[in-house]
$ cat final_3.cif   # mmCIF, C-alpha atoms
data_coords
#
loop_
_atom_site.label_atom_id
_atom_site.label_comp_id
_atom_site.auth_asym_id
_atom_site.auth_seq_id
_atom_site.Cartn_x
_atom_site.Cartn_y
_atom_site.Cartn_z
CA MET A 1 27.58 -56.46 -41.28
CA PRO A 2 30.14 -56.45 -38.42
CA PHE A 3 28.94 -54.89 -35.17
CA ASP A 4 31.15 -52.28 -33.48
CA THR A 5 31.20 -52.63 -29.69
CA PRO A 6 30.59 -49.16 -28.21
CA GLN A 7 33.51 -47.61 -26.33
CA ASN A 8 31.74 -46.33 -23.23
CA GLN A 9 34.20 -47.07 -20.40
CA GLY A 10 33.63 -43.55 -19.06
CA PHE A 11 30.07 -44.46 -18.03
CA LEU A 12 31.34 -47.58 -16.25
CA VAL A 13 33.97 -45.59 -14.36
CA ALA A 14 31.39 -42.92 -13.43
CA ALA A 15 28.84 -45.47 -12.15
CA TYR A 16 31.41 -47.46 -10.16
CA THR A 17 32.84 -44.26 -8.65
CA VAL A 18 29.40 -42.93 -7.63
CA ALA A 19 28.48 -46.29 -6.05
CA ALA A 20 31.81 -46.49 -4.16
CA LEU A 21 31.42 -42.91 -2.90
CA ILE A 22 27.86 -43.55 -1.64
CA TYR A 23 28.72 -46.82 0.12
CA LEU A 24 32.00 -45.56 1.61
CA GLY A 25 30.37 -42.25 2.60
CA TYR A 26 27.56 -44.11 4.34
CA ALA A 27 30.05 -46.42 6.10
CA VAL A 28 32.05 -43.42 7.37
CA SER A 29 28.83 -41.67 8.47
CA LEU A 30 27.75 -44.80 10.40
CA TRP A 31 31.18 -45.09 12.01
CA ARG A 32 31.26 -41.43 13.12
CA ARG A 33 27.68 -41.45 14.44
CA SER A 34 28.20 -44.75 16.27
CA ARG A 35 31.39 -43.47 17.96
CA LYS A 36 29.46 -40.39 19.09
CA ALA A 37 26.57 -42.55 20.40
CA LEU A 38 29.07 -44.74 22.30
CA ARG A 39 30.78 -41.71 23.86
CA GLU A 40 27.39 -40.35 25.00
CA ALA A 41 26.38 -43.75 26.43
CA GLY A 42 29.72 -43.91 28.30
CA ARG A 43 29.18 -40.42 29.76
CA ARG A 44 25.64 -41.39 30.86
CA VAL A 45 26.84 -44.60 32.52
CA ARG A 46 29.59 -42.68 34.35
CA GLY A 47 27.08 -39.94 35.31
CA SER A 48 24.53 -42.40 36.74
CA ALA A 49 27.33 -44.27 38.60
CA GLY A 50 28.43 -40.93 40.09
CA GLN A 51 24.85 -40.09 41.08
CA GLY A 52 24.42 -43.55 42.62
CA SER A 53 27.60 -43.24 44.73
CA SER A 54 26.71 -39.70 45.94
CA ARG A 55 23.17 -40.90 46.77
CA SER A 56 24.50 -43.88 48.79
CA ALA A 57 26.92 -41.56 50.61
CA ALA A 58 23.99 -39.28 51.50
CA ASP A 59 21.90 -42.30 52.61
CA SER A 60 24.66 -43.51 54.92
CA MET B 1 15.63 -59.14 26.44
CA THR B 2 16.19 -55.45 27.31
CA PRO B 3 19.27 -53.99 25.60
CA THR B 4 22.04 -52.51 27.76
CA PRO B 5 24.87 -50.17 26.67
CA ALA B 6 27.23 -53.17 26.92
CA SER B 7 25.07 -55.40 24.67
CA ALA B 8 24.61 -52.54 22.16
CA GLU B 9 28.39 -52.08 22.10
CA ARG B 10 28.89 -55.79 21.40
CA THR B 11 26.35 -55.59 18.54
CA LEU B 12 28.19 -52.52 17.24
CA ARG B 13 31.53 -54.37 17.18
CA ARG B 14 29.94 -57.28 15.29
CA GLY B 15 28.48 -54.76 12.86
CA TYR B 16 31.91 -53.15 12.25
CA VAL B 17 33.42 -56.56 11.42
CA LEU B 18 30.54 -57.45 9.06
CA THR B 19 30.73 -54.04 7.38
CA VAL B 20 34.47 -54.33 6.75
CA LEU B 21 33.95 -57.87 5.35
CA GLY B 22 31.09 -56.56 3.20
CA LEU B 23 33.21 -53.69 1.83
CA LEU B 24 36.03 -56.14 1.02
CA ALA B 25 33.54 -58.44 -0.72
CA VAL B 26 32.17 -55.51 -2.76
CA THR B 27 35.76 -54.59 -3.74
CA ALA B 28 36.17 -58.19 -4.95
CA VAL B 29 33.02 -57.76 -7.06
CA TYR B 30 34.54 -54.64 -8.67
CA VAL B 31 37.72 -56.60 -9.50
CA LEU B 32 35.73 -59.58 -10.83
CA ALA B 33 33.48 -57.36 -12.94
CA ILE B 34 36.32 -55.33 -14.44
CA CYS B 35 38.98 -58.04 -14.91
CA TYR B 36 37.13 -61.34 -15.17
CA THR B 37 33.75 -60.92 -16.85
CA PRO B 38 33.70 -60.49 -20.64
CA VAL B 39 32.58 -57.25 -22.31
CA GLU B 40 29.07 -57.52 -23.73
CA VAL B 41 29.39 -57.01 -27.51
CA ARG B 42 26.32 -54.78 -28.10
CA GLN B 43 26.35 -52.66 -24.93
CA GLY B 44 30.13 -52.36 -24.43
CA PRO B 45 31.87 -51.94 -21.04
CA ALA B 46 28.90 -49.93 -19.65
CA GLN B 47 26.98 -53.22 -19.37
CA LYS B 48 29.20 -53.99 -16.35
CA ILE B 49 27.32 -51.30 -14.40
CA PHE B 50 24.78 -54.09 -14.03
CA TYR B 51 27.01 -55.93 -11.48
CA VAL B 52 26.63 -53.00 -9.06
CA HIS B 53 23.18 -51.79 -10.07
CA ALA B 54 21.28 -55.12 -9.82
CA PRO B 55 22.71 -56.20 -6.41
CA SER B 56 22.06 -52.68 -5.05
CA ALA B 57 18.46 -52.89 -6.28
CA TRP B 58 18.21 -56.32 -4.63
CA GLY B 59 19.60 -54.92 -1.36
CA ALA B 60 17.20 -51.97 -1.44
CA LEU B 61 14.14 -54.17 -2.04
CA VAL B 62 15.22 -56.67 0.66
CA ALA B 63 15.70 -53.75 3.08
CA PHE B 64 12.25 -52.30 2.36
CA VAL B 65 10.53 -55.72 2.50
CA LEU B 66 12.13 -56.28 5.93
CA VAL B 67 10.95 -52.82 7.07
CA GLY B 68 7.39 -53.82 6.09
CA ILE B 69 7.54 -57.24 7.75
CA SER B 70 9.04 -55.90 10.99
CA SER B 71 6.44 -53.08 10.96
CA ILE B 72 3.60 -55.62 10.74
CA LEU B 73 5.19 -57.63 13.54
CA TYR B 74 5.68 -54.47 15.64
CA LEU B 75 1.97 -53.56 15.39
CA TRP B 76 1.14 -57.10 16.47
CA LEU B 77 3.74 -57.76 19.19
CA HIS B 78 4.67 -54.19 20.33
CA ASP B 79 8.33 -55.24 20.63
CA THR B 80 10.54 -52.11 20.45
CA ARG B 81 13.36 -54.10 18.85
CA LEU B 82 11.21 -54.61 15.74
CA ASP B 83 10.66 -50.85 15.45
CA LEU B 84 14.39 -50.16 15.87
CA PHE B 85 15.21 -52.78 13.24
CA ALA B 86 12.66 -51.30 10.81
CA ALA B 87 14.17 -47.82 11.21
CA SER B 88 17.69 -49.22 10.69
CA SER B 89 16.73 -51.22 7.60
CA ALA B 90 14.91 -48.19 6.11
CA GLU B 91 18.01 -46.00 6.37
CA VAL B 92 20.26 -48.65 4.80
CA GLY B 93 17.62 -49.23 2.11
CA ILE B 94 17.76 -45.53 1.22
CA ALA B 95 21.56 -45.74 0.73
CA TYR B 96 21.10 -48.78 -1.53
CA SER B 97 18.31 -47.14 -3.53
CA LEU B 98 20.46 -44.04 -3.99
CA VAL B 99 23.05 -46.27 -5.69
CA MET B 100 20.32 -47.97 -7.73
CA LEU B 101 18.83 -44.61 -8.80
CA THR B 102 22.19 -43.13 -9.83
CA THR B 103 23.85 -46.12 -11.54
CA GLY B 104 20.63 -46.97 -13.46
CA PRO B 105 20.45 -43.63 -15.34
CA ILE B 106 24.20 -43.75 -16.12
CA TRP B 107 23.64 -47.12 -17.80
CA GLY B 108 20.39 -45.83 -19.38
CA LYS B 109 22.16 -42.87 -20.99
CA THR B 110 24.57 -45.08 -22.90
CA VAL B 111 22.13 -47.91 -23.77
CA TRP B 112 18.73 -46.15 -24.08
CA GLY B 113 20.16 -42.75 -25.05
CA THR B 114 18.38 -41.01 -22.16
CA TRP B 115 19.15 -40.54 -18.46
CA TRP B 116 15.57 -41.06 -17.34
CA THR B 117 12.21 -42.14 -18.66
CA TRP B 118 8.92 -42.08 -16.75
CA ASP B 119 8.14 -45.75 -17.23
CA ALA B 120 6.49 -47.88 -14.56
CA ARG B 121 9.58 -49.55 -13.05
CA LEU B 122 11.62 -46.35 -12.73
CA THR B 123 8.74 -44.19 -11.51
CA LEU B 124 7.58 -46.70 -8.88
CA THR B 125 11.17 -47.11 -7.64
CA LEU B 126 11.50 -43.33 -7.30
CA PHE B 127 8.19 -43.25 -5.35
CA LEU B 128 9.48 -46.00 -3.05
CA PHE B 129 12.66 -44.00 -2.42
CA PHE B 130 10.66 -40.86 -1.54
CA LEU B 131 8.28 -42.88 0.63
CA PHE B 132 11.17 -44.10 2.78
CA VAL B 133 12.77 -40.66 2.90
CA GLY B 134 9.36 -39.56 4.27
CA TYR B 135 9.45 -42.50 6.69
CA LEU B 136 12.73 -41.23 8.19
CA ALA B 137 11.47 -37.62 8.22
CA LEU B 138 8.34 -38.75 10.08
CA ARG B 139 10.45 -40.57 12.66
CA ALA B 140 12.61 -37.49 13.17
CA ALA B 141 9.53 -35.28 13.63
CA LEU B 142 7.78 -37.39 16.31
CA HIS B 143 9.17 -37.30 19.84
CA ASP B 144 6.80 -39.71 21.57
CA ARG B 145 8.39 -43.16 21.19
CA GLY B 146 5.13 -45.15 21.00
CA GLU B 147 3.51 -42.75 18.55
CA ARG B 148 6.63 -42.67 16.37
CA ALA B 149 6.80 -46.47 16.22
CA ARG B 150 3.08 -46.86 15.39
CA PHE B 151 2.89 -44.15 12.72
CA SER B 152 6.11 -45.15 11.00
CA ALA B 153 5.04 -48.83 11.03
CA VAL B 154 2.00 -47.86 8.94
CA VAL B 155 4.25 -46.04 6.41
CA GLY B 156 6.61 -49.05 6.37
CA ILE B 157 3.72 -51.35 5.50
CA MET B 158 2.70 -48.99 2.65
CA GLY B 159 6.24 -49.36 1.29
CA LEU B 160 6.00 -53.14 1.48
CA LEU B 161 2.82 -53.02 -0.65
CA LEU B 162 4.74 -51.17 -3.42
CA VAL B 163 7.54 -53.76 -3.70
CA PRO B 164 5.62 -56.50 -5.60
CA PHE B 165 4.36 -53.88 -8.09
CA ILE B 166 7.96 -52.80 -8.72
CA HIS B 167 9.07 -56.39 -9.32
CA LEU B 168 6.12 -57.20 -11.57
CA SER B 169 6.01 -53.79 -13.35
CA VAL B 170 8.13 -55.11 -16.25
CA TYR B 171 5.43 -57.74 -16.92
CA LEU B 172 2.35 -55.60 -16.14
CA PHE B 173 3.28 -52.46 -18.11
CA ARG B 174 5.09 -51.57 -21.34
CA THR B 175 8.51 -50.58 -20.06
CA LEU B 176 12.05 -49.93 -21.30
CA HIS B 177 13.56 -51.60 -18.24
CA PRO B 178 15.04 -55.07 -18.94
CA GLN B 179 13.14 -58.13 -17.71
CA PRO B 180 14.39 -59.92 -14.55
CA ILE B 181 17.38 -62.20 -15.11
CA LEU B 182 17.41 -64.16 -11.84
CA LEU B 183 14.02 -63.79 -10.14
CA LYS B 184 11.86 -65.23 -12.92
CA PRO B 185 10.03 -68.52 -13.53
CA SER B 186 12.58 -69.88 -16.07
CA SER B 187 16.31 -70.43 -15.43
CA PRO B 188 18.75 -67.42 -15.44
CA SER B 189 19.57 -66.17 -18.96
CA LEU B 190 23.24 -65.12 -18.67
CA PRO B 191 26.57 -66.63 -19.79
CA PRO B 192 28.23 -68.51 -16.87
CA GLU B 193 30.99 -65.89 -16.21
CA MET B 194 28.43 -63.08 -16.01
CA LEU B 195 26.08 -65.15 -13.86
CA ARG B 196 28.92 -66.03 -11.47
CA THR B 197 29.92 -62.38 -11.03
CA LEU B 198 26.28 -61.40 -10.51
CA MET B 199 25.79 -64.11 -7.86
CA VAL B 200 28.99 -63.04 -6.05
CA GLY B 201 27.68 -59.46 -6.25
CA MET B 202 24.34 -60.47 -4.72
CA ALA B 203 26.13 -62.22 -1.83
CA ALA B 204 28.60 -59.34 -1.29
CA PHE B 205 25.96 -56.61 -1.27
CA THR B 206 23.75 -58.71 1.04
CA LEU B 207 26.68 -59.11 3.46
CA LEU B 208 27.29 -55.35 3.33
CA TYR B 209 23.58 -54.78 4.04
CA VAL B 210 23.80 -57.06 7.11
CA GLY B 211 26.88 -55.15 8.33
CA PHE B 212 25.29 -51.73 7.83
CA VAL B 213 22.02 -52.78 9.49
CA THR B 214 23.84 -54.31 12.47
CA VAL B 215 25.78 -51.08 13.10
CA ARG B 216 22.66 -48.93 12.57
CA TYR B 217 20.61 -51.19 14.85
CA ALA B 218 23.18 -50.91 17.66
CA MET B 219 23.09 -47.11 17.26
CA ALA B 220 19.27 -47.19 17.43
CA GLN B 221 19.51 -49.25 20.63
CA LEU B 222 21.89 -46.70 22.19
CA ALA B 223 19.57 -43.83 21.18
CA ASP B 224 16.58 -45.71 22.59
CA LEU B 225 18.38 -46.22 25.92
CA ARG B 226 19.17 -42.49 26.00
CA GLU B 227 15.52 -41.61 25.30
CA GLY B 228 14.42 -44.09 27.98
CA ASP B 229 16.69 -42.38 30.52
CA ALA B 230 15.36 -38.94 29.50
CA ASP B 231 11.72 -40.14 29.85
CA ALA B 232 12.49 -41.56 33.29
CA VAL B 233 13.88 -38.22 34.57
#
$ encode --input "final_3.cif" --output "structure tokens"
Amino acid sequence: MPFDTPQNQGFLVAAYTVAALIYLGYAVSLWRRSRKALREAGRRVRGSAGQGSSRSAADS
Amino acid sequence: MTPTPASAERTLRRGYVLTVLGLLAVTAVYVLAICYTPVEVRQGPAQKIFYVHAPSAWGALVAFVLVGISSILYLWLHDTRLDLFAASSAEVGIAYSLVMLTTGPIWGKTVWGTWWTWDARLTLTLFLFFLFVGYLALRAALHDRGERARFSAVVGIMGLLLVPFIHLSVYLFRTLHPQPILLKPSSPSLPPEMLRTLMVGMAAFTLLYVGFVTVRYAMAQLADLREGDADAV
């Protein structure tokens, strides 16, 4: 008896779309959080440099 | 070596490059799976879900094994970098298991006729997912750095103990889940085109894992530096 291959492309499209959304969503989340962490680190470095220069001015 | 903001930024840039390469490689896997690999006669096009599901499962298990190993090493060596790596790998592992736990039921619905069944492989995988969600929740709840690293290392090791049971569950219990195709004593049982696409998928999703973990690790380093500054004040 011939075997009919099921036509279930919809499930394939759904699975591939869900996977792409999760991976891309996570990549975007990492990118946004890392930019924020970098900005904060930059502010801290500038802040401590400012503190250091005002302290050395006070010492002199 | 103590991380500095400059070294964390360099790690971050390397992570961005690896992530972009990983995403491009995963796109190539999509193209290969859809255009190159043949349609399986009995399961139809839905069988191709396997080329995303299996490498994601591989990535998730690798991530959780590495959390466990770095947790053991942290308890032994007390190196903060191991704790930061474990936390990074756990978060990436959760993203991979989310893909595994969503694509699996979509395939199951068309092949088994049901979205979910409480068999050993599926149930243990769900437990592992919840365990690592708990791992991240525990880390977020503890503010003392040493305490957080120690407690979460213990949870990470618990997760590591679950992984072999998940891999062997298809042999140990009666289960609907298919037997392993690659990680088994005999040679892989797939036609060459399917095997090639699966192998490319494994490599691509591993590369993406490395990219994600590198970015997440650099972020953890920056957060650790910030916490160190706050403790010093």
$ interface_residues --input "final_3.cif" --of "chain B" --to "chain A" --cutoff "6 Å" --atoms "only C-alpha atoms" --output "list of chain:residue names"
B:Val41, B:Arg42, B:Gly44, B:Pro45, B:Ala46, B:Ile49, B:Val99, B:Thr103, B:Met219
$ atom_distance --input "final_3.cif" --atom1 "CA of Val215 in chain B" --atom2 "CA of Arg10 in chain B"
10.0 Å
$ resolve_selection --input "final_3.cif" --expression "the PyMOL selection byres ((chain B and resi 169) around 12)" --output "list in words"
Asp119, Ala120, Arg121, Leu122, Thr123, Leu124, Thr125, Leu162, Val163, Pro164, Phe165, Ile166, His167, Leu168, Val170, Tyr171, Leu172, Phe173, Arg174, Thr175, Leu176, His177, Pro178, Gln179 and Pro180 of chain B
$ write_last_selection --input "final_3.cif" --atoms "C-alpha atoms" --output "JSON list (two decimals), in the frame of the given file"
[["chain", "number", "residue", "atom", "x", "y", "z"],
["B", 119, "ASP", "CA", 8.14, -45.75, -17.23],
["B", 120, "ALA", "CA", 6.49, -47.88, -14.56],
["B", 121, "ARG", "CA", 9.58, -49.55, -13.05],
["B", 122, "LEU", "CA", 11.62, -46.35, -12.73],
["B", 123, "THR", "CA", 8.74, -44.19, -11.51],
["B", 124, "LEU", "CA", 7.58, -46.70, -8.88],
["B", 125, "THR", "CA", 11.17, -47.11, -7.64],
["B", 162, "LEU", "CA", 4.74, -51.17, -3.42],
["B", 163, "VAL", "CA", 7.54, -53.76, -3.70],
["B", 164, "PRO", "CA", 5.62, -56.50, -5.60],
["B", 165, "PHE", "CA", 4.36, -53.88, -8.09],
["B", 166, "ILE", "CA", 7.96, -52.80, -8.72],
["B", 167, "HIS", "CA", 9.07, -56.39, -9.32],
["B", 168, "LEU", "CA", 6.12, -57.20, -11.57],
["B", 170, "VAL", "CA", 8.13, -55.11, -16.25],
["B", 171, "TYR", "CA", 5.43, -57.74, -16.92],
["B", 172, "LEU", "CA", 2.35, -55.60, -16.14],
["B", 173, "PHE", "CA", 3.28, -52.46, -18.11],
["B", 174, "ARG", "CA", 5.09, -51.57, -21.34],
["B", 175, "THR", "CA", 8.51, -50.58, -20.06],
["B", 176, "LEU", "CA", 12.05, -49.93, -21.30],
["B", 177, "HIS", "CA", 13.56, -51.60, -18.24],
["B", 178, "PRO", "CA", 15.04, -55.07, -18.94],
["B", 179, "GLN", "CA", 13.14, -58.13, -17.71],
["B", 180, "PRO", "CA", 14.39, -59.92, -14.55]]
$ atom_distance --input "final_3.cif" --atom1 "CA of Ala230 in chain B" --atom2 "CA of Arg81 in chain B"
18.6 Å
$ residues_around --input "final_3.cif" --residues "Thr197 in chain B" --least-positions-apart "6" --cutoff "9 Å" --atoms "only C-alpha atoms" --output "PDB file with C-alpha atoms, keeping the file's coordinate frame"
ATOM      1  CA  VAL B  29      33.020 -57.760  -7.060  1.00  0.00           C
ATOM      2  CA  LEU B  32      35.730 -59.580 -10.830  1.00  0.00           C
ATOM      3  CA  ALA B  33      33.480 -57.360 -12.940  1.00  0.00           C
ATOM      4  CA  TYR B  36      37.130 -61.340 -15.170  1.00  0.00           C
ATOM      5  CA  THR B  37      33.750 -60.920 -16.850  1.00  0.00           C
ATOM      6  CA  TYR B  51      27.010 -55.930 -11.480  1.00  0.00           C
TER       7      TYR B  51
END
$ residues_around --input "final_3.cif" --residues "Asp229 in chain B" --least-positions-apart "4" --cutoff "12 Å" --atoms "all atoms listed in the file" --output "PyMOL selection string"
(chain A and resi 41+44-45+47-48) or (chain B and resi 4-5+222-225+233)
$ residues_around --input "final_3.cif" --residues "Gly59 in chain B" --least-positions-apart "2" --cutoff "10 Å" --atoms "only C-alpha atoms" --output "number ranges by chain"
B: 53-57, 61-65, 92-97, 100, 202-203, 205-210
$ atom_distance --input "final_3.cif" --atom1 "CA of Pro191 in chain B" --atom2 "CA of Gly113 in chain B"
25.3 Å
$ resolve_selection --input "final_3.cif" --expression "the PyMOL selection byres ((chain B and resi 70-73) around 9)" --output "list in words"
Val65, Leu66, Val67, Gly68, Ile69, Tyr74, Leu75, Trp76, Leu77, His78, Asp79, Leu82, Asp83, Phe85, Ala86, Ala149, Arg150, Ser152, Ala153, Val154, Val155, Gly156 and Ile157 of chain B
$ resolve_selection --input "final_3.cif" --expression "the PyMOL selection byres ((chain B and resi 18) around 12)" --output "ChimeraX atom specification"
/A:27 /B:11-17,19-25,204-215
$ closest_atom_pairs --input "final_3.cif" --of "range 14-119 of chain B" --to "range 130-145 of chain B" --cutoff "8 Å" --atoms "only C-alpha atoms" --output "JSON lines"
{"residue": "B:Ala87", "atom": "CA", "partner": "B:Leu136", "partner_atom": "CA", "distance": 7.4}
{"residue": "B:Ala90", "atom": "CA", "partner": "B:Phe132", "partner_atom": "CA", "distance": 6.5}
{"residue": "B:Glu91", "atom": "CA", "partner": "B:Leu136", "partner_atom": "CA", "distance": 7.3}
{"residue": "B:Ile94", "atom": "CA", "partner": "B:Phe132", "partner_atom": "CA", "distance": 6.9}
$ residues_around --input "final_3.cif" --residues "Pro3 in chain B" --least-positions-apart "4" --cutoff "7 Å" --atoms "only C-alpha atoms" --output "JSON, numbers by chain"
{"B": [7, 8, 221]}
$ closest_residue --input "final_3.cif" --among "B:Ser88, B:Thr102, B:Thr110, B:Ser189" --to "Leu126 in chain B" --atoms "only C-alpha atoms"
B:Thr102
$ axis_aligned_box --input "final_3.cif" --around "range 133-152 of chain B" --padding-each-side "8 Å" --output "lines of an AutoDock Vina configuration file"
center_x = 7.8
center_y = -41.1
center_z = 12.2
size_x = 25.9
size_y = 27.6
size_z = 34.7
